[in-house]
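Structure record follows, encoded as structure tokens.
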Amino acid sequence: MKNEPLNLSVNLCRLQMDNPIVPASGTFGYGNEFKEFYDINILGSFVFKGTTKEPRFGNPTPRIADCTDGMINSVGLQNPGIDAVINHELPQLKTFFHKPVIANISGFSIDEYVYCCAKIDKEPQVGIIEVNVSCPNVKHGGMSFGTTPEAAAEVTRAVKAVTTKPVFIKLSPNVADIVAIAKACEEAGADGICLINTLLGMRIDINTQKPVIANVMGGFSGPAIFPVALRMVYQVSQACQIPIMGCGGVASARDVIEMMIAGATAVQVGSMNLKNPYICKEIIEQLPIEMQQLGIQSLSEIIGIAQKK
Amino acid sequence: MYKKGLYTITSNMPLTETIYKMVLQGDTSYISASGQFVEIELPNKFLRRPFSVCDYDDNSITLIYKVVGEGTQLMSQLKIGTTLDLLTGLGNGFDINIDTKQPLLIGGGVGIPPLYNLAKQLIKKGLQTTVALGFNCAEELFFVKEFKEIGCKVVVATIDGSVGTKGYVTDAINQNGINCDYFFACGPLPMLKALCNHFTIEGQISMEERMGCGFGACMGCSIQTKNGAKRVCKEGTVFLKSELDL
């Protein structure tokens, strides 16, 4: 082992990050809740809650179900709307988070994506825009855009036309050919791909014989989906040149390293934030220890090395 | 502020066939009000389970829980000396800095536990405190004696009439001619709805909703109120009656 200090930093589309750890959208709000637990400036960045043009309450409750090594949510994109995020959440965030944040934008029409991205483009605090074309929760919603290469490309093109910020398209795993959709986004000008959103799932209460979730189905996430996410990151990183943010079931520093070896430049941590609010802090502290054990000098060196083996 | 920490079970015993009382030892300094809750990590369960704090002192937390599913079944089998990972200091809790001389505390079933420490605090303030408790039947009764012991006047309603007034807590309140100028309530939604219709006075109601995280991050437990969407775990669990639209 060389005696140089370990290097955890990664470069994600012009965004130089201290480390690859990024809490995933929908598990980290707009940062407020987690600053009560630790200084969130230790993060690489974080993705704020999926934001739409209008304020949304989301789906009826119950909208959470526990599962083996995971959970189902059908929150349905509850958020205060893009104007409240820009006028209220971002100024508040500025007081305690001093790095560029990743904005998650969701929509129900091309116009809505364009409207929100054009607005968020003006915000200097936002380093990257992550476009959610995959949320399986909302009827007539994001699902349809993420399930065909044509629709995913159409959103990508429309959004790219109104922003100079790097655009990542967050894809749904609930598709037959993830590679075709990722390639369509890349060809349409996407700067990166985020893989994966939740898997469509369901639970039934065997006492009442009714679905646990009021909306019947919801998005399954948590450590149980890690192998699915890893596989898709691996497949897409073989087919595309643009960087990937890996997301899905990440629960440890070793998972982060595995996801990077598969092809991820940055790694999102989602559901585990809800179980253990300190998980990202613990992973960031554990990473150098694992790197030392594995003989990794710099994290950016391992991105996608599985492809070369 | 919240605290994540390890707590040791010092007692875990049944009060009725399905209701258990667990006492945990550990840091309670982040619990700032009666009616707050804790989130417990259980072995082999992904999400933590939320439980209202029944009582607490400098180094112990008392929880009363009902065995309703796999998580609570598992909890009921945990032995003394077992260590559990808890988040404490969750929820806003009851506000006792209000103008009242005759508070009435109303609990139904497992909605009763968070009222216990509240009753203690109100009595400490020198207030004449009445408690109305609703159960299904005599076999499900718990904590009636404990409320009496701390100086509360207690009235009971059972659905089958086996103890106290036959019917709901509102029937027990009427039959006993209970006077009050403010109320605090926790229990099943039909009971809370009935109370909102029954009372013209203001009150505080602790709401229940299925939660993901318990600290406001996942938005799983949101409800619609007259003042917009609120997270039961964060802006609640306690809401003013006048704010709710039940």
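Residues are named by chain letter and number: chains run A, B, ... in the order of the structure tokens, numbers start at 1 in each chain, and ligands are numbered from 1 in the order shown.
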Please identify every residue of chain B that has at least one atom no farther than 12 Å from an atom of chain A, counting only C-alpha atoms, and for each give the shortest atom pair and the distance in Å to one decimal, arranged by chain then increasing number, as CSV.
```
residue,atom,partner,partner_atom,distance
B:Met1,CA,A:Glu36,CA,6.3
B:Tyr2,CA,A:Glu36,CA,7.1
B:Lys3,CA,A:Phe37,CA,8.1
B:Lys4,CA,A:Pro277,CA,8.7
B:Gly5,CA,A:Asn276,CA,11.0
B:Glu39,CA,A:Lys275,CA,9.4
B:Ile40,CA,A:Lys275,CA,9.6
B:Glu41,CA,A:Lys275,CA,7.8
B:Leu42,CA,A:Lys275,CA,10.7
B:Pro43,CA,A:Asp69,CA,11.0
B:Asn44,CA,A:Thr68,CA,7.5
B:Lys45,CA,A:Thr68,CA,6.6
B:Phe46,CA,A:Asp69,CA,5.3
B:Leu47,CA,A:Lys275,CA,5.6
B:Arg48,CA,A:Lys275,CA,6.3
B:Arg49,CA,A:Asp66,CA,9.8
B:Pro50,CA,A:Lys275,CA,11.8
B:Val68,CA,A:Asn207,CA,10.0
B:Gly69,CA,A:Asn207,CA,9.4
B:Glu70,CA,A:Asp66,CA,10.6
B:Gly71,CA,A:Asp66,CA,9.9
B:Asp85,CA,A:Asn276,CA,9.7
B:Leu86,CA,A:Asn276,CA,10.0
B:Leu87,CA,A:Asn276,CA,9.1
B:Thr88,CA,A:Phe37,CA,11.9
B:Gly89,CA,A:Glu36,CA,11.5
B:Leu90,CA,A:Glu33,CA,11.4
B:Glu208,CA,A:Pro62,CA,10.6
B:Glu209,CA,A:Pro62,CA,7.1
B:Arg210,CA,A:Pro62,CA,5.8
B:Met211,CA,A:Ile64,CA,6.5
B:Gly212,CA,A:Ile64,CA,6.1
B:Cys213,CA,A:Leu274,CA,4.6
B:Gly214,CA,A:Leu274,CA,8.1
B:Phe215,CA,A:Glu33,CA,6.8
B:Gly216,CA,A:Glu33,CA,6.4
B:Ala217,CA,A:Gly29,CA,5.2
B:Cys218,CA,A:Thr27,CA,5.3
B:Met219,CA,A:Val75,CA,6.6
B:Gly220,CA,A:Val75,CA,5.7
B:Cys221,CA,A:Thr61,CA,7.0
B:Ser222,CA,A:Thr61,CA,7.6
B:Ile223,CA,A:Thr61,CA,8.0
B:Gln224,CA,A:Phe57,CA,7.9
B:Thr225,CA,A:Phe57,CA,11.1
B:Gly228,CA,A:Phe57,CA,8.8
B:Ala229,CA,A:Phe57,CA,6.5
B:Lys230,CA,A:Phe57,CA,9.4
B:Arg231,CA,A:Phe57,CA,10.8
B:Val232,CA,A:Thr61,CA,11.4
B:Cys233,CA,A:Glu33,CA,11.6
B:Lys234,CA,A:Glu33,CA,9.3
B:Glu235,CA,A:Glu33,CA,11.9
```
Would you return as a PyMOL selection string the members of stretch 40-179 of chain B that DSSP assigns to strand (DSSP E) on this structure's backbone? chain B and resi 40-41+49-56+60-66+83-90+103-108+130-135+153-158+165-166
Hey, what does DSSP flag as helix (DSSP H, G or I) within stretch 58-123 of chain A? Can you give it to me as a tab-separated table (two decimals) with N, CA and C atoms, in the first residue's frame?
```
chain	number	residue	atom	x	y	z
A	82	ILE	N	-42.89	23.36	-7.11
A	82	ILE	CA	-41.61	23.95	-7.50
A	82	ILE	C	-41.42	25.37	-6.95
A	83	ASP	N	-42.49	26.17	-6.91
A	83	ASP	CA	-42.34	27.55	-6.42
A	83	ASP	C	-41.97	27.58	-4.95
A	84	ALA	N	-42.64	26.74	-4.15
A	84	ALA	CA	-42.33	26.70	-2.72
A	84	ALA	C	-40.92	26.16	-2.49
A	85	VAL	N	-40.50	25.23	-3.32
A	85	VAL	CA	-39.14	24.69	-3.18
A	85	VAL	C	-38.11	25.80	-3.45
A	86	ILE	N	-38.34	26.57	-4.51
A	86	ILE	CA	-37.40	27.64	-4.86
A	86	ILE	C	-37.46	28.79	-3.85
A	87	ASN	N	-38.66	29.15	-3.42
A	87	ASN	CA	-38.79	30.33	-2.55
A	87	ASN	C	-38.57	30.03	-1.07
A	88	HIS	N	-38.79	28.77	-0.69
A	88	HIS	CA	-38.72	28.45	0.73
A	88	HIS	C	-37.65	27.42	1.08
A	89	GLU	N	-37.71	26.26	0.41
A	89	GLU	CA	-36.80	25.16	0.79
A	89	GLU	C	-35.34	25.47	0.44
A	90	LEU	N	-35.09	25.96	-0.76
A	90	LEU	CA	-33.69	26.22	-1.16
A	90	LEU	C	-33.03	27.31	-0.32
A	91	PRO	N	-33.71	28.45	-0.06
A	91	PRO	CA	-33.08	29.45	0.82
A	91	PRO	C	-32.78	28.90	2.22
A	92	GLN	N	-33.69	28.05	2.72
A	92	GLN	CA	-33.47	27.44	4.04
A	92	GLN	C	-32.29	26.47	3.99
A	93	LEU	N	-32.24	25.68	2.91
A	93	LEU	CA	-31.15	24.70	2.73
A	93	LEU	C	-29.79	25.39	2.72
A	94	LYS	N	-29.76	26.57	2.11
A	94	LYS	CA	-28.52	27.34	1.96
A	94	LYS	C	-27.88	27.65	3.32
A	110	ILE	N	-44.78	16.44	-20.63
A	110	ILE	CA	-43.52	17.03	-21.09
A	110	ILE	C	-43.46	18.50	-20.65
A	111	ASP	N	-44.60	19.19	-20.79
A	111	ASP	CA	-44.65	20.60	-20.42
A	111	ASP	C	-44.26	20.82	-18.96
A	112	GLU	N	-44.73	19.91	-18.10
A	112	GLU	CA	-44.45	20.07	-16.68
A	112	GLU	C	-42.96	19.87	-16.39
A	113	TYR	N	-42.36	18.86	-17.00
A	113	TYR	CA	-40.91	18.66	-16.84
A	113	TYR	C	-40.16	19.90	-17.29
A	114	VAL	N	-40.55	20.42	-18.44
A	114	VAL	CA	-39.88	21.58	-19.02
A	114	VAL	C	-40.04	22.80	-18.10
A	115	TYR	N	-41.26	23.01	-17.62
A	115	TYR	CA	-41.54	24.14	-16.73
A	115	TYR	C	-40.65	24.10	-15.49
A	116	CYS	N	-40.62	22.93	-14.86
A	116	CYS	CA	-39.87	22.80	-13.60
A	116	CYS	C	-38.36	22.90	-13.84
A	117	CYS	N	-37.88	22.26	-14.89
A	117	CYS	CA	-36.43	22.28	-15.15
A	117	CYS	C	-35.96	23.67	-15.54
A	118	ALA	N	-36.78	24.39	-16.31
A	118	ALA	CA	-36.41	25.76	-16.69
A	118	ALA	C	-36.30	26.63	-15.43
A	119	LYS	N	-37.20	26.41	-14.48
A	119	LYS	CA	-37.17	27.20	-13.24
A	119	LYS	C	-35.97	26.84	-12.37
A	120	ILE	N	-35.72	25.54	-12.24
A	120	ILE	CA	-34.65	25.10	-11.35
A	120	ILE	C	-33.28	25.42	-11.96
```
Got a sec: who's within 6 Å of stretch 98-109 of chain A, counting only C-alpha atoms, leaving out chain neighbours fewer than 6 positions off, as a list in words?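 Listing them by chain and then by number gives Ser45, Phe46, Val47, Phe48, Gly50, Thr51, Thr52, Gln125, Val126, Gly127, Ile128, Ile129, Glu130, Val131, Asn132 and Gly141 of chain A.
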Near-A:Ile42 list (8 Å; only C-alpha atoms; drop same-chain fewer than 5 positions) as a JSON list (two decimals) with N, CA and C atoms, in the first residue's frame:
```json
[["chain", "number", "residue", "atom", "x", "y", "z"],
["A", 18, "ASP", "N", -16.71, 15.38, -2.74],
["A", 18, "ASP", "CA", -15.75, 14.88, -1.75],
["A", 18, "ASP", "C", -15.78, 13.36, -1.63],
["A", 281, "LYS", "N", -23.53, 8.80, 7.07],
["A", 281, "LYS", "CA", -22.36, 9.19, 7.88],
["A", 281, "LYS", "C", -21.51, 7.95, 8.18],
["A", 284, "ILE", "N", -19.67, 6.82, 5.02],
["A", 284, "ILE", "CA", -18.55, 7.70, 4.69],
["A", 284, "ILE", "C", -17.36, 7.44, 5.62]]
```
Atom CA of A:Lys170 and atom CA of A:Ser134 are how many Å apart? 6.6 Å
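For B:Thr129, the non-local neighbours within 9 Å, defined as residues at least 4 positions apart in the same chain or in other chains and counting only C-alpha atoms, are Lys101, Gln102, Pro103, Leu104, Leu105, Ala119, Leu122, Ile123, Gly151, Cys152, Lys153, Val154 and Cys180 of chain B.
Between atom CA of B:Glu202 and atom CA of B:Asp181 the interatomic distance comes to 7.9 Å.
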Just to confirm, what's the straight-line distance from atom CA of B:Ile9 to atom CA of B:Gly26 in Å (one decimal)?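 Distance reported for this atom pair: 9.3 Å.
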Kindly indicate which residue among B:Met22, B:Ile80, B:Ile64, B:Leu127 lies nearest to B:Ile98, using only C-alpha atoms for the distances.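 For B:Ile98, the nearest of the candidates is B:Leu127.
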